[in-house]
file upload_7.txt (compact mmCIF, C-alpha atoms)
# COMPACT_ATOMS: atom_id res chain seq x y z
CA MET A 217 0.00 0.00 0.00
CA MET A 218 2.75 2.47 0.99
CA ASN A 219 4.98 2.27 -2.06
CA GLN A 220 7.50 4.91 -3.10
CA SER A 221 5.60 6.31 -6.04
CA PRO A 222 3.86 9.57 -5.18
CA THR A 223 0.20 9.08 -4.37
CA ALA A 224 -2.43 11.80 -4.40
CA LYS A 225 -4.61 12.12 -1.32
CA ASN A 226 -7.71 10.85 -3.09
CA SER A 227 -6.23 7.60 -4.36
CA GLY A 228 -5.22 4.33 -2.75
CA PHE A 229 -5.76 4.32 1.00
CA GLY A 230 -7.28 7.80 0.63
CA ARG A 231 -10.37 6.27 -0.93
CA LEU A 232 -11.05 4.28 2.21
CA LEU A 233 -10.64 7.46 4.23
CA ILE A 234 -13.12 9.32 2.01
CA VAL A 235 -15.72 6.60 2.44
CA ILE A 236 -15.31 6.55 6.22
CA TYR A 237 -15.74 10.33 6.27
CA TRP A 238 -18.77 10.00 4.02
CA ILE A 239 -20.37 7.43 6.34
CA PHE A 240 -19.64 9.67 9.31
CA SER A 241 -21.15 12.76 7.69
CA LEU A 242 -24.19 10.69 6.77
CA SER A 243 -24.70 9.13 10.19
CA ALA A 244 -23.78 12.24 12.21
CA GLY A 245 -25.97 14.36 9.92
CA ALA A 246 -28.98 12.04 10.14
CA ARG A 247 -28.60 11.82 13.89
CA ALA A 248 -28.22 15.60 14.35
CA LEU A 249 -31.28 16.20 12.17
CA TYR A 250 -33.31 13.72 14.20
CA GLN A 251 -32.18 15.22 17.51
CA ILE A 252 -32.96 18.76 16.36
CA LEU A 253 -36.47 17.65 15.38
CA ARG A 254 -37.17 15.64 18.52
CA LYS A 255 -35.15 16.72 21.52
CA PHE A 256 -33.33 19.96 20.88
CA ASP A 257 -34.54 21.54 24.13
CA GLN A 258 -33.17 18.61 26.15
CA ALA A 259 -29.56 19.18 25.20
CA PRO A 260 -29.08 22.22 22.95
CA LEU A 261 -25.29 22.25 23.34
CA SER A 262 -24.54 18.64 22.49
CA ILE A 263 -27.05 18.64 19.63
CA SER A 264 -25.58 21.84 18.15
CA LEU A 265 -22.13 20.29 18.41
CA SER A 266 -23.38 17.15 16.65
CA LEU A 267 -24.61 19.34 13.79
CA VAL A 268 -21.28 21.18 13.63
CA SER A 269 -19.38 17.88 13.54
CA ALA A 270 -21.66 16.58 10.78
CA ILE A 271 -20.93 19.69 8.67
CA ILE A 272 -17.17 19.35 9.24
CA TYR A 273 -17.29 15.67 8.23
CA LEU A 274 -19.14 16.65 5.06
CA VAL A 275 -16.58 19.39 4.21
CA ALA A 276 -13.74 16.93 4.89
CA THR A 277 -15.36 14.28 2.65
CA ILE A 278 -15.74 16.69 -0.27
CA PHE A 279 -12.26 18.21 -0.09
CA LEU A 280 -10.50 14.89 0.52
CA ALA A 281 -12.09 13.69 -2.70
CA LYS A 282 -11.32 16.75 -4.85
CA LYS A 283 -8.04 16.83 -6.75
CA ASP A 284 -6.80 20.44 -6.84
CA ALA A 285 -4.16 22.02 -4.60
CA VAL A 286 -6.56 24.36 -2.78
CA SER A 287 -8.61 21.37 -1.69
CA TRP A 288 -5.57 20.00 0.11
CA ASN A 289 -5.43 23.17 2.22
CA ILE A 290 -9.16 23.11 2.94
CA ALA A 291 -8.96 19.41 3.88
CA VAL A 292 -6.08 20.10 6.29
CA GLY A 293 -8.14 22.95 7.78
CA ALA A 294 -11.25 20.81 8.17
CA LEU A 295 -9.36 17.93 9.77
CA SER A 296 -7.49 20.29 12.12
CA ILE A 297 -10.78 21.80 13.30
CA GLU A 298 -12.15 18.27 13.65
CA LEU A 299 -9.17 17.20 15.80
CA LEU A 300 -9.39 20.33 17.98
CA GLY A 301 -13.15 19.81 18.21
CA VAL A 302 -12.97 16.20 19.36
CA LEU A 303 -10.22 17.04 21.88
CA GLY A 304 -11.97 20.18 23.13
CA VAL A 305 -15.44 18.67 23.38
CA GLY A 306 -13.94 15.48 24.83
CA ILE A 307 -12.22 17.34 27.66
CA PHE A 308 -15.18 19.66 28.21
CA SER A 309 -17.67 16.78 28.42
CA TYR A 310 -15.65 15.28 31.30
CA MET A 311 -15.33 18.63 33.09
CA ARG A 312 -18.98 19.67 32.73
CA PRO A 313 -21.08 16.52 32.20
CA ASP A 314 -24.18 18.50 33.19
CA LEU A 315 -23.99 20.33 29.85
CA PHE A 316 -24.06 17.03 27.94
CA PRO A 317 -27.18 15.12 29.02
CA LEU A 318 -27.25 13.58 25.52
CA ALA A 319 -24.07 12.40 23.89
CA SER A 320 -22.77 14.27 20.86
CA VAL A 321 -20.48 12.61 18.34
CA TRP A 322 -17.43 14.15 19.98
CA SER A 323 -18.31 14.00 23.68
CA HIS A 324 -16.06 11.69 25.73
CA PHE A 325 -13.62 11.66 22.78
CA GLY A 326 -16.13 9.80 20.59
CA ALA A 327 -16.48 6.84 22.97
CA GLY A 328 -20.00 6.14 21.65
CA TYR A 329 -18.52 5.61 18.18
CA GLY A 330 -15.66 3.37 19.32
CA TYR A 331 -13.23 6.33 19.53
CA VAL A 332 -13.18 6.43 15.74
CA PRO A 333 -13.88 10.22 15.84
CA LEU A 334 -10.63 10.67 17.81
CA VAL A 335 -8.47 8.42 15.64
CA LEU A 336 -9.90 9.51 12.28
CA PRO A 337 -8.51 13.09 12.11
CA ILE A 338 -5.07 11.91 13.29
CA ILE A 339 -4.88 9.25 10.56
CA GLY A 340 -6.40 11.72 8.08
CA LEU A 341 -3.85 14.46 8.80
CA TRP A 342 -1.03 11.93 8.60
CA TRP A 343 -2.37 10.81 5.22
CA LEU A 344 -2.71 14.39 3.97
CA PHE A 345 0.91 15.25 4.83
CA HIS A 346 2.07 11.89 3.51
CA THR A 347 0.50 12.71 0.13
CA ARG A 348 1.18 16.45 0.19
CA GLN A 349 3.53 16.54 -2.77
CA ALA A 350 1.33 14.62 -5.17
CA SER A 351 -1.85 16.31 -3.95
CA THR A 352 -0.67 19.89 -4.31
CA SER A 353 1.25 19.63 -7.59
CA ARG A 354 -0.59 20.49 -10.80
CA ALA A 355 0.07 17.23 -12.61
CA VAL A 356 -1.74 14.72 -10.47
CA SER A 357 -1.02 11.21 -11.62
CA LYS A 358 -4.03 8.97 -11.44
CA MET B 17 -35.69 -14.03 18.74
CA ILE B 18 -32.23 -15.50 19.11
CA ALA B 19 -29.99 -13.95 21.79
CA GLY B 20 -32.27 -10.92 21.99
CA TYR B 21 -32.31 -10.15 18.25
CA ASP B 22 -34.93 -10.98 15.66
CA ILE B 23 -34.67 -12.74 12.32
CA TRP B 24 -34.22 -9.40 10.47
CA PHE B 25 -31.00 -8.84 12.38
CA TRP B 26 -29.65 -12.35 11.88
CA ILE B 27 -30.33 -12.39 8.14
CA THR B 28 -28.63 -8.97 7.87
CA CYS B 29 -25.74 -10.41 9.86
CA LEU B 30 -25.43 -13.37 7.50
CA LEU B 31 -25.77 -11.34 4.27
CA GLY B 32 -23.48 -8.57 5.57
CA THR B 33 -20.77 -11.02 6.59
CA VAL B 34 -20.92 -12.95 3.30
CA ALA B 35 -20.84 -9.68 1.32
CA PHE B 36 -17.89 -8.46 3.38
CA LEU B 37 -15.93 -11.69 2.81
CA ILE B 38 -16.65 -11.77 -0.94
CA CYS B 39 -15.53 -8.14 -1.38
CA LEU B 40 -12.49 -8.61 0.88
CA VAL B 41 -11.31 -11.63 -1.13
CA GLN B 42 -11.85 -9.72 -4.39
CA PHE B 43 -9.94 -6.74 -2.95
CA LEU B 44 -7.03 -8.92 -1.83
CA ARG B 45 -6.92 -10.47 -5.31
CA GLY B 46 -6.62 -6.91 -6.67
CA LYS B 47 -9.92 -7.07 -8.51
CA ALA B 48 -11.83 -3.99 -9.64
CA PRO B 49 -15.56 -4.09 -8.81
CA ASP B 50 -17.13 -7.03 -10.62
CA ASP B 51 -20.35 -9.03 -10.58
CA TRP B 52 -19.42 -10.63 -7.27
CA SER B 53 -18.61 -7.50 -5.27
CA GLN B 54 -21.21 -5.26 -6.91
CA GLY B 55 -23.73 -8.07 -6.77
CA SER B 56 -23.23 -8.33 -3.00
CA ALA B 57 -24.14 -4.64 -2.65
CA ILE B 58 -27.23 -5.14 -4.82
CA VAL B 59 -28.31 -8.09 -2.66
CA LEU B 60 -27.89 -5.96 0.48
CA GLN B 61 -29.84 -3.10 -1.10
CA GLY B 62 -32.62 -5.50 -2.08
CA TRP B 63 -32.68 -6.92 1.42
CA LEU B 64 -33.04 -3.42 2.89
CA PHE B 65 -36.01 -2.76 0.58
CA ILE B 66 -37.63 -5.95 1.91
CA TYR B 67 -36.78 -4.83 5.45
CA PHE B 68 -38.36 -1.43 4.76
CA VAL B 69 -41.59 -2.96 3.46
CA GLY B 70 -41.51 -5.48 6.32
CA SER B 71 -41.09 -2.67 8.85
CA ILE B 72 -44.13 -0.84 7.50
CA ILE B 73 -46.19 -4.05 7.71
CA MET B 74 -44.91 -4.67 11.24
CA GLN B 75 -45.74 -1.06 12.09
CA PHE B 76 -49.43 -1.76 11.41
CA MET B 77 -49.58 -5.34 12.71
CA THR B 78 -47.92 -4.55 16.06
CA ASP B 79 -47.53 -1.49 18.27
CA GLY B 80 -44.52 -0.39 16.23
CA PRO B 81 -41.08 0.34 17.65
CA SER B 82 -40.90 0.75 21.41
CA GLY B 83 -38.41 3.55 20.79
CA ASP B 84 -39.06 6.60 18.64
CA TRP B 85 -40.47 5.61 15.23
CA LEU B 86 -38.76 8.59 13.60
CA GLU B 87 -35.36 7.44 14.86
CA TYR B 88 -36.06 3.88 13.69
CA TYR B 89 -36.98 4.91 10.14
CA GLY B 90 -34.14 7.46 10.16
CA TYR B 91 -31.72 4.60 10.68
CA LEU B 92 -33.42 2.46 8.05
CA LEU B 93 -33.41 5.19 5.37
CA THR B 94 -29.79 6.13 6.17
CA ALA B 95 -28.85 2.45 5.89
CA MET B 96 -30.53 2.27 2.47
CA VAL B 97 -28.30 5.09 1.17
CA ILE B 98 -25.08 3.21 2.02
CA PRO B 99 -25.11 0.30 -0.48
CA ALA B 100 -26.52 2.65 -3.13
CA GLY B 101 -23.67 5.13 -2.57
CA ALA B 102 -20.97 2.46 -2.57
CA PHE B 103 -22.45 0.93 -5.73
CA THR B 104 -22.51 4.32 -7.50
CA TRP B 105 -18.85 4.84 -6.56
CA SER B 106 -17.95 1.37 -7.87
CA MET B 107 -19.49 2.26 -11.25
CA SER B 108 -17.26 5.31 -11.68
CA GLU B 109 -14.10 4.04 -10.02
CA ARG B 110 -12.72 0.90 -11.59
CA THR B 111 -9.90 0.01 -9.19
CA ARG B 112 -9.46 -2.48 -6.35
CA TRP B 113 -10.11 0.34 -3.84
CA ALA B 114 -13.70 0.60 -4.91
CA THR B 115 -13.97 -3.11 -4.06
CA LEU B 116 -12.73 -2.30 -0.55
CA VAL B 117 -15.38 0.43 -0.36
CA LEU B 118 -18.02 -2.19 -1.24
CA ALA B 119 -16.57 -4.41 1.49
CA ILE B 120 -17.37 -1.85 4.21
CA VAL B 121 -21.09 -1.83 3.38
CA GLY B 122 -21.89 -5.17 5.08
CA PRO B 123 -20.31 -4.42 8.50
CA VAL B 124 -21.81 -0.89 8.57
CA LEU B 125 -25.29 -2.29 7.88
CA ILE B 126 -24.91 -4.92 10.63
CA VAL B 127 -24.15 -2.16 13.16
CA MET B 128 -27.11 -0.08 11.98
CA VAL B 129 -29.58 -2.99 12.04
CA GLN B 130 -28.37 -3.87 15.55
CA ARG B 131 -29.32 -0.31 16.61
CA MET B 132 -32.68 -0.69 14.85
CA ASN B 133 -33.38 -3.92 16.75
CA MET B 134 -32.59 -2.10 20.01
CA LEU B 135 -34.99 0.70 19.06
CA TRP B 136 -37.74 -1.69 18.03
CA TYR B 137 -37.73 -3.97 21.09
CA TYR B 138 -36.03 -2.30 23.99
CA TYR B 139 -36.61 1.45 24.14
call {"tool": "encode", "arguments": {"input": "upload_7.txt", "output": "structure tokens"}}
result
Amino acid sequence: MMNQSPTAKNSGFGRLLIVIYWIFSLSAGARALYQILRKFDQAPLSISLSLVSAIIYLVATIFLAKKDAVSWNIAVGALSIELLGVLGVGIFSYMRPDLFPLASVWSHFGAGYGYVPLVLPIIGLWWLFHTRQASTSRAVSK
Amino acid sequence: MIAGYDIWFWITCLLGTVAFLICLVQFLRGKAPDDWSQGSAIVLQGWLFIYFVGSIIMQFMTDGPSGDWLEYYGYLLTAMVIPAGAFTWSMSERTRWATLVLAIVGPVLIVMVQRMNMLWYYY
């Protein structure tokens, strides 16, 4: 998988990453939508955060998949915000559990999703920097 | 009900596992999406359609889900997007990686149907 030839961020292992992000934006989005419709007043903070995380997953999915150099920058930005978000919300949900009566995707470092939300941006950022050269040069080899 | 789950769950478990194994083998052999891997996604999609119709029938024959019906059908409709999306990808992307994408569909559906069983019977 990790051969020496330059790989763009949206090929090889990157495809798996895109699909995982896509599934996360889908499931986090559906869940946030449901919670907004049904129980927003029970936990406005965690539900708003779920919506924010769903949007960030969607942005990450799109710009991981696109080929141009600017997309690489946007993807790095989205994944950085995602990492800060999961760390920040994770810490905050342990300090002030009273503000999180319902779990959001990122509360307790994504424990409800098998800690995938914590691991995903780390692997994603590693992949982005691993493929930086091929992803940001004009001539992207397929 | 076997071990707290109904026949819908166990059939999904069986189909999802078989689909996963077929696609994994095809991926390891370096195969682009073919009749086997794409077929497994079509079978799963078809199964979810049956599950959807079955759920509506069960909705009227019984008291419906003990949890929130909106959450239950939210899961079901989201699940139905997943094989369709993976299949669409596999049409446009003719490499082994699209086969790996098809492989993920089965396990994801098993997790979602497990949640749906919980919503239907337990809360």
call {"tool": "interface_residues", "arguments": {"input": "upload_7.txt", "of": "chain B", "to": "chain A", "cutoff": "8 Å", "atoms": "all atoms listed in the file", "output": "ChimeraX atom specification"}}
result
/B:86-87,90-91,94,98,113-114,116-117
call {"tool": "closest_residue", "arguments": {"input": "upload_7.txt", "among": "B:Met17, B:Leu30, B:Ala95, B:Ile58", "to": "Leu118 of chain B", "atoms": "all atoms listed in the file"}}
result
B:Ile58
call {"tool": "closest_residue", "arguments": {"input": "upload_7.txt", "among": "A:Val302, A:Val268, A:Leu336, A:Met311", "to": "Ser323 of chain A", "atoms": "all atoms listed in the file"}}
result
A:Val302
call {"tool": "atom_distance", "arguments": {"input": "upload_7.txt", "atom1": "atom CA of Ala319 of chain A", "atom2": "atom CA of Ser262 of chain A"}}
result
6.4 Å
call {"tool": "residues_around", "arguments": {"input": "upload_7.txt", "residues": "Ala57 of chain B", "least_positions_apart": "4", "cutoff": "10 Å", "atoms": "all atoms listed in the file", "output": "list in words"}}
result
Leu31, Gly32, Ala35, Phe36, Cys39, Asp51, Trp52, Ser53, Gln61, Gly62, Trp63, Ile98, Pro99, Ala100, Gly101, Ala102, Phe103, Leu118, Ala119, Val121 and Gly122 of chain B
call {"tool": "atom_distance", "arguments": {"input": "upload_7.txt", "atom1": "atom CA of Phe68 of chain B", "atom2": "atom CA of Tyr329 of chain A"}}
result
25.0 Å
call {"tool": "atom_distance", "arguments": {"input": "upload_7.txt", "atom1": "atom CA of Ser108 of chain B", "atom2": "atom CA of Gly55 of chain B"}}
result
15.7 Å
call {"tool": "axis_aligned_box", "arguments": {"input": "upload_7.txt", "around": "segment 231-242 of chain A", "padding_each_side": "5 Å", "output": "AutoDock Vina command-line options"}}
result
--center_x -17.3 --center_y 8.5 --center_z 4.2 --size_x 23.8 --size_y 18.5 --size_z 20.2
call {"tool": "residues_near_point", "arguments": {"input": "upload_7.txt", "point": "(-9.2, 12.4, -8.4)", "cutoff": "7 Å", "atoms": "only C-alpha atoms", "output": "list of chain:residue names"}}
result
A:Asn226, A:Ser227, A:Ala281, A:Lys282, A:Lys283, A:Lys358
call {"tool": "decode", "arguments": {"input": "upload_7.txt", "residues": "segment 57-105 of chain B", "atoms": "N, CA and C atoms", "output": "JSON list (two decimals), in the first residue's frame"}}
result
[["chain", "number", "residue", "atom", "x", "y", "z"],
["B", 57, "ALA", "N", -23.50, -5.89, -3.07],
["B", 57, "ALA", "CA", -24.14, -4.64, -2.65],
["B", 57, "ALA", "C", -25.59, -4.58, -3.11],
["B", 58, "ILE", "N", -25.85, -5.13, -4.31],
["B", 58, "ILE", "CA", -27.23, -5.14, -4.82],
["B", 58, "ILE", "C", -28.11, -6.03, -3.95],
["B", 59, "VAL", "N", -27.56, -7.19, -3.54],
["B", 59, "VAL", "CA", -28.31, -8.09, -2.66],
["B", 59, "VAL", "C", -28.65, -7.38, -1.35],
["B", 60, "LEU", "N", -27.65, -6.67, -0.78],
["B", 60, "LEU", "CA", -27.89, -5.96, 0.48],
["B", 60, "LEU", "C", -28.94, -4.87, 0.30],
["B", 61, "GLN", "N", -28.86, -4.15, -0.82],
["B", 61, "GLN", "CA", -29.84, -3.10, -1.10],
["B", 61, "GLN", "C", -31.24, -3.71, -1.21],
["B", 62, "GLY", "N", -31.34, -4.82, -1.94],
["B", 62, "GLY", "CA", -32.62, -5.50, -2.08],
["B", 62, "GLY", "C", -33.18, -5.95, -0.74],
["B", 63, "TRP", "N", -32.28, -6.48, 0.08],
["B", 63, "TRP", "CA", -32.68, -6.92, 1.42],
["B", 63, "TRP", "C", -33.22, -5.75, 2.23],
["B", 64, "LEU", "N", -32.58, -4.58, 2.13],
["B", 64, "LEU", "CA", -33.04, -3.42, 2.89],
["B", 64, "LEU", "C", -34.41, -2.94, 2.40],
["B", 65, "PHE", "N", -34.67, -3.09, 1.10],
["B", 65, "PHE", "CA", -36.01, -2.76, 0.58],
["B", 65, "PHE", "C", -37.06, -3.68, 1.22],
["B", 66, "ILE", "N", -36.71, -5.00, 1.28],
["B", 66, "ILE", "CA", -37.63, -5.95, 1.91],
["B", 66, "ILE", "C", -37.84, -5.58, 3.38],
["B", 67, "TYR", "N", -36.72, -5.22, 4.04],
["B", 67, "TYR", "CA", -36.78, -4.83, 5.45],
["B", 67, "TYR", "C", -37.67, -3.60, 5.63],
["B", 68, "PHE", "N", -37.57, -2.66, 4.69],
["B", 68, "PHE", "CA", -38.36, -1.43, 4.76],
["B", 68, "PHE", "C", -39.85, -1.75, 4.64],
["B", 69, "VAL", "N", -40.19, -2.57, 3.63],
["B", 69, "VAL", "CA", -41.59, -2.96, 3.46],
["B", 69, "VAL", "C", -42.05, -3.76, 4.69],
["B", 70, "GLY", "N", -41.19, -4.67, 5.14],
["B", 70, "GLY", "CA", -41.51, -5.48, 6.32],
["B", 70, "GLY", "C", -41.75, -4.62, 7.55],
["B", 71, "SER", "N", -40.94, -3.56, 7.70],
["B", 71, "SER", "CA", -41.09, -2.67, 8.85],
["B", 71, "SER", "C", -42.43, -1.96, 8.82],
["B", 72, "ILE", "N", -42.84, -1.54, 7.61],
["B", 72, "ILE", "CA", -44.13, -0.84, 7.50],
["B", 72, "ILE", "C", -45.26, -1.80, 7.86],
["B", 73, "ILE", "N", -45.17, -3.05, 7.37],
["B", 73, "ILE", "CA", -46.19, -4.05, 7.71],
["B", 73, "ILE", "C", -46.21, -4.29, 9.23],
["B", 74, "MET", "N", -44.99, -4.45, 9.79],
["B", 74, "MET", "CA", -44.91, -4.67, 11.24],
["B", 74, "MET", "C", -45.44, -3.48, 12.02],
["B", 75, "GLN", "N", -45.26, -2.29, 11.46],
["B", 75, "GLN", "CA", -45.74, -1.06, 12.09],
["B", 75, "GLN", "C", -47.26, -1.13, 12.30],
["B", 76, "PHE", "N", -47.97, -1.71, 11.31],
["B", 76, "PHE", "CA", -49.43, -1.76, 11.41],
["B", 76, "PHE", "C", -49.92, -3.01, 12.14],
["B", 77, "MET", "N", -49.16, -4.10, 12.08],
["B", 77, "MET", "CA", -49.58, -5.34, 12.71],
["B", 77, "MET", "C", -49.32, -5.32, 14.23],
["B", 78, "THR", "N", -48.27, -4.58, 14.64],
["B", 78, "THR", "CA", -47.92, -4.55, 16.06],
["B", 78, "THR", "C", -48.04, -3.11, 16.57],
["B", 79, "ASP", "N", -47.50, -2.84, 17.73],
["B", 79, "ASP", "CA", -47.53, -1.49, 18.27],
["B", 79, "ASP", "C", -46.43, -0.60, 17.69],
["B", 80, "GLY", "N", -45.63, -1.16, 16.78],
["B", 80, "GLY", "CA", -44.52, -0.39, 16.23],
["B", 80, "GLY", "C", -43.33, -0.42, 17.15],
["B", 81, "PRO", "N", -42.29, 0.37, 16.82],
["B", 81, "PRO", "CA", -41.08, 0.34, 17.65],
["B", 81, "PRO", "C", -41.36, 0.85, 19.06],
["B", 82, "SER", "N", -40.72, 0.25, 20.05],
["B", 82, "SER", "CA", -40.90, 0.75, 21.41],
["B", 82, "SER", "C", -40.13, 2.04, 21.61],
["B", 83, "GLY", "N", -39.09, 2.25, 20.79],
["B", 83, "GLY", "CA", -38.41, 3.55, 20.79],
["B", 83, "GLY", "C", -39.14, 4.52, 19.88],
["B", 84, "ASP", "N", -38.46, 5.59, 19.50],
["B", 84, "ASP", "CA", -39.06, 6.60, 18.64],
["B", 84, "ASP", "C", -39.13, 6.08, 17.20],
["B", 85, "TRP", "N", -40.33, 6.12, 16.60],
["B", 85, "TRP", "CA", -40.47, 5.61, 15.23],
["B", 85, "TRP", "C", -39.64, 6.42, 14.25],
["B", 86, "LEU", "N", -39.51, 7.73, 14.52],
["B", 86, "LEU", "CA", -38.76, 8.59, 13.60],
["B", 86, "LEU", "C", -37.28, 8.20, 13.58],
["B", 87, "GLU", "N", -36.76, 7.86, 14.78],
["B", 87, "GLU", "CA", -35.36, 7.44, 14.86],
["B", 87, "GLU", "C", -35.16, 6.11, 14.14],
["B", 88, "TYR", "N", -36.14, 5.19, 14.34],
["B", 88, "TYR", "CA", -36.06, 3.88, 13.69],
["B", 88, "TYR", "C", -36.00, 4.02, 12.17],
["B", 89, "TYR", "N", -36.96, 4.78, 11.60],
["B", 89, "TYR", "CA", -36.98, 4.91, 10.14],
["B", 89, "TYR", "C", -35.84, 5.79, 9.64],
["B", 90, "GLY", "N", -35.33, 6.69, 10.50],
["B", 90, "GLY", "CA", -34.14, 7.46, 10.16],
["B", 90, "GLY", "C", -32.95, 6.54, 9.93],
["B", 91, "TYR", "N", -32.79, 5.58, 10.84],
["B", 91, "TYR", "CA", -31.72, 4.60, 10.68],
["B", 91, "TYR", "C", -31.91, 3.78, 9.41],
["B", 92, "LEU", "N", -33.15, 3.34, 9.19],
["B", 92, "LEU", "CA", -33.42, 2.46, 8.05],
["B", 92, "LEU", "C", -33.14, 3.19, 6.74],
["B", 93, "LEU", "N", -33.61, 4.44, 6.62],
["B", 93, "LEU", "CA", -33.41, 5.19, 5.37],
["B", 93, "LEU", "C", -31.93, 5.52, 5.17],
["B", 94, "THR", "N", -31.24, 5.87, 6.28],
["B", 94, "THR", "CA", -29.79, 6.13, 6.17],
["B", 94, "THR", "C", -29.08, 4.86, 5.71],
["B", 95, "ALA", "N", -29.47, 3.72, 6.28],
["B", 95, "ALA", "CA", -28.85, 2.45, 5.89],
["B", 95, "ALA", "C", -29.05, 2.18, 4.40],
["B", 96, "MET", "N", -30.23, 2.55, 3.88],
["B", 96, "MET", "CA", -30.53, 2.27, 2.47],
["B", 96, "MET", "C", -29.69, 3.13, 1.52],
["B", 97, "VAL", "N", -29.15, 4.25, 2.02],
["B", 97, "VAL", "CA", -28.30, 5.09, 1.17],
["B", 97, "VAL", "C", -26.91, 4.46, 0.99],
["B", 98, "ILE", "N", -26.48, 3.66, 1.99],
["B", 98, "ILE", "CA", -25.08, 3.21, 2.02],
["B", 98, "ILE", "C", -24.72, 2.24, 0.88],
["B", 99, "PRO", "N", -25.47, 1.14, 0.68],
["B", 99, "PRO", "CA", -25.11, 0.30, -0.48],
["B", 99, "PRO", "C", -25.28, 1.04, -1.80],
["B", 100, "ALA", "N", -26.29, 1.89, -1.90],
["B", 100, "ALA", "CA", -26.52, 2.65, -3.13],
["B", 100, "ALA", "C", -25.33, 3.56, -3.43],
["B", 101, "GLY", "N", -24.81, 4.23, -2.40],
["B", 101, "GLY", "CA", -23.67, 5.13, -2.57],
["B", 101, "GLY", "C", -22.42, 4.37, -2.96],
["B", 102, "ALA", "N", -22.16, 3.25, -2.27],
["B", 102, "ALA", "CA", -20.97, 2.46, -2.57],
["B", 102, "ALA", "C", -21.05, 1.88, -3.99],
["B", 103, "PHE", "N", -22.26, 1.48, -4.38],
["B", 103, "PHE", "CA", -22.45, 0.93, -5.73],
["B", 103, "PHE", "C", -22.19, 2.00, -6.79],
["B", 104, "THR", "N", -22.72, 3.21, -6.56],
["B", 104, "THR", "CA", -22.51, 4.32, -7.50],
["B", 104, "THR", "C", -21.02, 4.59, -7.65],
["B", 105, "TRP", "N", -20.30, 4.63, -6.52],
["B", 105, "TRP", "CA", -18.85, 4.84, -6.56],
["B", 105, "TRP", "C", -18.19, 3.74, -7.41]]
